[in-house]
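K.L.:
One structure, as structure tokens, below. Some questions next.
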Amino acid sequence: MIAKKALGLPLKGLRFAIKSGDTFVKNASIQVTRFKTRFDENKAKNSLDEMPVAKRNYASASEQTELPTDVDSIDMREFEFTKAPINWIPATILVATPIAAAIITPWYLFTHQVSAPVWGVFGAFMIWTGISITAGYHRLLSHRAYKAHPIVKNFLLLGSTFAVQGSAFDWVSGHRTHHRHVDDRLEDPYSAKRGFFFSHMGWMLRNYPSGKFDYKNIPDLTKDRTLQIQHKYYGLWVAALNIGAVAAIGWLLGDVWGTLVIVGLLRLVLTHHFTFFINSLCHMFGSRPYTDTNTARDNFFLALFTWGEGYHNYHHFFQYDYRNGVKWWQYDPTKWLIAGLSKLGLTTELRTVDDTTIKHAEVQMQFKAAQQQIDTVTSSGIDIPHAMKSFQDRIKFEYDAFTQTVEEWQALKAKTIELKKTEFADRLHEVEDELKQDYAKIEQKILAHNSNLKTAFRSIGESAKAA
Ligand SMILES: [Zn+2]
Ligand SMILES: [Zn+2]
């Protein structure tokens with residue numbers, strides 16, 4: 001930011017902010033991401049409760065979203081979006097920094113030598129600030145997916161502040177609203193239904209109605225003293241880290257300007273946009289192996305840039321899991337960090353979704369895909385090929401069997417809950433082995449449905465090729 005200022009770019013808002021620490025504190029903390037949720041206390045309370053997976057239905061998004069029924073009120077609110085006032089400070093920062101980075105960085109690299117230690121700090125800070133957002137703001141604070149030792153929590157909090165994405169209160173409140181109202185044009189702060197630019201960064205440039213919140217959905221955070229301090233002095237922290245600390249490191253490395261350009265400006269812009277990809281591209285490109293009730297996608301390439309958050313379809317369906325890339329082979333360094341720290345006792349109570357539930361969601365989606373294939377062929381009006389007819393029969397047979405497995409599974413879960421409640425509770429360990437075996441049987445059955453489906457798909461794939 002100093003680089004831009006020194007070069008005389010007309011960053012009025014930013015210059016003003018740097019000059020006046022106190023004003024910056026107030027303005028930045030209020031305005032950097034100025035959301036206010038519209039839902040009442042009751043809804044806010046509900047937003048913190050995870051819906052038991054067994055009770056989820058797989059209805060379409062439109063069936064699950066609570067939209068105002070009054071058409072006039074929707075029109076009125078849409079109108080409010082078109083005339084939303086500009087959010088000057090974030091708008092200035094978010095527009096000026098990428099332009100400045102795009103001009104200054106190549107020019108600087110062309111005309112100056114940047115030493116290896118400066119590049120080393122750049123790499124380290126890319127990792128620190130990026131992963132602080134994913135492991136800190138996101139999985140720890142927004143979803144409470146694990147518990148962290150104060151050392152870890154504060155380290156991630158400092159990195160998140162360095163990343164300049166708003167205070168924890170603002171970020172988490174907006175993110176919980178995103179999950180609760182995902183894709184809703186009026187309620188989701190970064191609704192993908194408003195297009196790439198809006199979901200990427202446009203939502204921060206203006207004071208949109210969906211971007212206003214009152215922190216009622218973060219009661220667990222607002223009573224946290226450290227987070228209160230971070231929120232209150234947010235602007236000062238941001239300036240101290242991004243300008244003060246970066247310049248000091250540059251001085252130690254003997255290259256203040258090079259460090260400001262590479263570690264300050266370039267790192268800030270890249271971290272910003274890699275995070276923004278999660279709200280934009282991760283809701284546009286990729287597969288939907290777990291649910292199609294929202295636009296979130298799983299995308300390996302985006303996981304590379306987002307420290308594992310590219311597996312966004314999984315995350316939207318099982319949001320309290322500390323993993324986003326749930327398969328062992330999926331690239332999720334945030335998961336590896338959290339799991340690694342747990343070996344040292346620095347993170348605890350890592351929350352996961354059990355394998356059977358995950359596989360159940362996948363199989364459910366495969367049935368949907370099979371049904372779509374059948375519908376496409378049968379609706380074309382032409383004679384259905386023999387292979388497709390037998391595929392249809394297999395799917396129907398398998399689906400009946402699957403429904404029965406799910407019923408058995410639900411009954412087993414109900415029995416477990418009942419046992420825990422009753423006088424058997426203290427003797428639960430006596431039946432535990434038996435229950436474990438029953439659960440293992442269900443898991444085996446679901447895995448068998450999965451492999452039968454794959455075989456069925458292969459059968460039409462092979463016959464299509466043969467034809
Ligand atoms: Zn999302
Ligand atoms: Zn999330």
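Scheme for the structure tokens: letters A, B, ... for chains in order shown; per-chain residue numbers from 1; ligand numbers from 1 in order shown.
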Where does chain A meet ligand 2 within 7 Å, residue by residue, with the nearest atom pair and distance in Å to one decimal for each, counting only C-alpha atoms and all ligand atoms, listed by chain and rising number, as a tab-separated table?

P.N.:
residue	atom	partner	partner_atom_place_in_ligand_line	distance
A:His138	CA	ligand 2	1 (Zn)	6.0
A:Arg139	CA	ligand 2	1 (Zn)	6.9
A:Ser142	CA	ligand 2	1 (Zn)	6.7
A:His143	CA	ligand 2	1 (Zn)	6.6
A:His175	CA	ligand 2	1 (Zn)	6.3
A:His179	CA	ligand 2	1 (Zn)	6.5
A:His315	CA	ligand 2	1 (Zn)	6.5
A:His316	CA	ligand 2	1 (Zn)	6.6
A:Gln319	CA	ligand 2	1 (Zn)	5.9

K.L.:
I need the residues from that last selection saved to file as a PDB file, in the first residue's frame (with C-alpha atoms), if you can.

P.N.:
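The file below, part.pdb, is the result:
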ATOM      1  CA  HIS A 138     -13.077 -20.644   7.776  1.00  0.00           C
ATOM      2  CA  ARG A 139     -12.804 -24.087   9.349  1.00  0.00           C
ATOM      3  CA  SER A 142     -16.939 -20.185  10.904  1.00  0.00           C
ATOM      4  CA  HIS A 143     -17.612 -23.906  11.214  1.00  0.00           C
ATOM      5  CA  HIS A 175     -19.824 -16.820   5.655  1.00  0.00           C
ATOM      6  CA  HIS A 179     -24.040 -21.314   3.948  1.00  0.00           C
ATOM      7  CA  HIS A 315     -17.927 -28.645   2.054  1.00  0.00           C
ATOM      8  CA  HIS A 316     -21.370 -27.221   1.398  1.00  0.00           C
ATOM      9  CA  GLN A 319     -19.801 -28.072   6.391  1.00  0.00           C
TER      10      GLN A 319
END

K.L.:
What residues have any atom no more than 7 Å from ligand 1 when counting only C-alpha atoms and all ligand atoms, and can you list them as a PDB file with C-alpha atoms, in the first residue's frame?

P.N.:
ATOM      1  CA  HIS A 178     -23.615 -17.720   2.765  1.00  0.00           C
ATOM      2  CA  HIS A 179     -24.040 -21.314   3.948  1.00  0.00           C
ATOM      3  CA  VAL A 182     -26.502 -20.354  -0.424  1.00  0.00           C
ATOM      4  CA  ILE A 278     -13.847 -20.062  -3.620  1.00  0.00           C
ATOM      5  CA  ASN A 279     -16.946 -17.887  -3.821  1.00  0.00           C
ATOM      6  CA  HIS A 283     -19.579 -22.240  -7.478  1.00  0.00           C
ATOM      7  CA  ALA A 296     -20.989 -25.486  -5.083  1.00  0.00           C
ATOM      8  CA  HIS A 312     -16.506 -27.007  -2.204  1.00  0.00           C
ATOM      9  CA  HIS A 316     -21.370 -27.221   1.398  1.00  0.00           C
TER      10      HIS A 316
END

K.L.:
Asp220 (chain A): which residues within 10 Å, counting only C-alpha atoms, same-chain residues fewer than 4 positions away excluded, as JSON, numbers by chain?

P.N.:
{"A": [48, 141, 142, 144, 216, 224]}

K.L.:
Would you put the residues from that selection into a file with C-alpha atoms, as a short mmCIF file (atom, residue, chain, number, x, y, z; two decimals), in the first residue's frame?

P.N.:
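This went into out-v1.cif:
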data_model
loop_
_atom_site.label_atom_id
_atom_site.label_comp_id
_atom_site.auth_asym_id
_atom_site.auth_seq_id
_atom_site.Cartn_x
_atom_site.Cartn_y
_atom_site.Cartn_z
CA LEU A 48 -25.64 -22.72 14.19
CA LEU A 141 -14.13 -19.91 13.48
CA SER A 142 -16.94 -20.18 10.90
CA ARG A 144 -16.05 -24.85 14.56
CA LYS A 216 -26.59 -12.28 15.63
CA ASP A 224 -14.38 -13.81 22.64
#

K.L.:
Taking 4 positions as the minimum chain separation for residues in the same chain, which residues sit within 12 Å of Lys415 (chain A) when counting only C-alpha atoms? Answer as a ChimeraX atom specification.

P.N.:
/A:408-411,419-422,424-425,428,431-432,435,438-439

K.L.:
Could you give me, as a tab-separated table, a per-residue list for region 159-224 of chain A showing, wherever an atom lies at most 12 Å from an atom of region 125-129 of chain A, the closest pair of atoms and their distance in Å to one decimal, using only C-alpha atoms and sorting by chain then residue number from low to high?

P.N.:
residue	atom	partner	partner_atom	distance
A:Gly159	CA	A:Thr129	CA	4.5
A:Ser160	CA	A:Thr129	CA	5.7
A:Thr161	CA	A:Thr129	CA	8.1
A:Phe162	CA	A:Thr129	CA	6.3
A:Ala163	CA	A:Thr129	CA	5.4
A:Val164	CA	A:Thr129	CA	9.2
A:Gln165	CA	A:Thr129	CA	10.4

K.L.:
Restricting the calculation to only C-alpha atoms, which member of A:Glu434, A:Glu362, A:Asp214, A:Asp75 is positioned closest to Asp292 (chain A)?

P.N.:
A:Glu362

K.L.:
Can you pull out every residue within 7 Å of Tyr311 (chain A), counting only C-alpha atoms, but drop anything in the same chain fewer than 5 positions away, and send it as a VMD selection string?

P.N.:
chain A and resid 297 to 299 303 324 to 325

K.L.:
Given only C-alpha atoms as the basis, pick out the residue of A:Gly166, A:Leu412, A:Thr134, A:Pro385 nearest to Gly235 (chain A).

P.N.:
A:Gly166

K.L.:
With distances taken over only C-alpha atoms, which residue among A:His360, A:His181, A:Lys441, A:Arg176 lies nearest Lys193 (chain A)?

P.N.:
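Closest to Lys193 (chain A), using only C-alpha atoms: A:His181.
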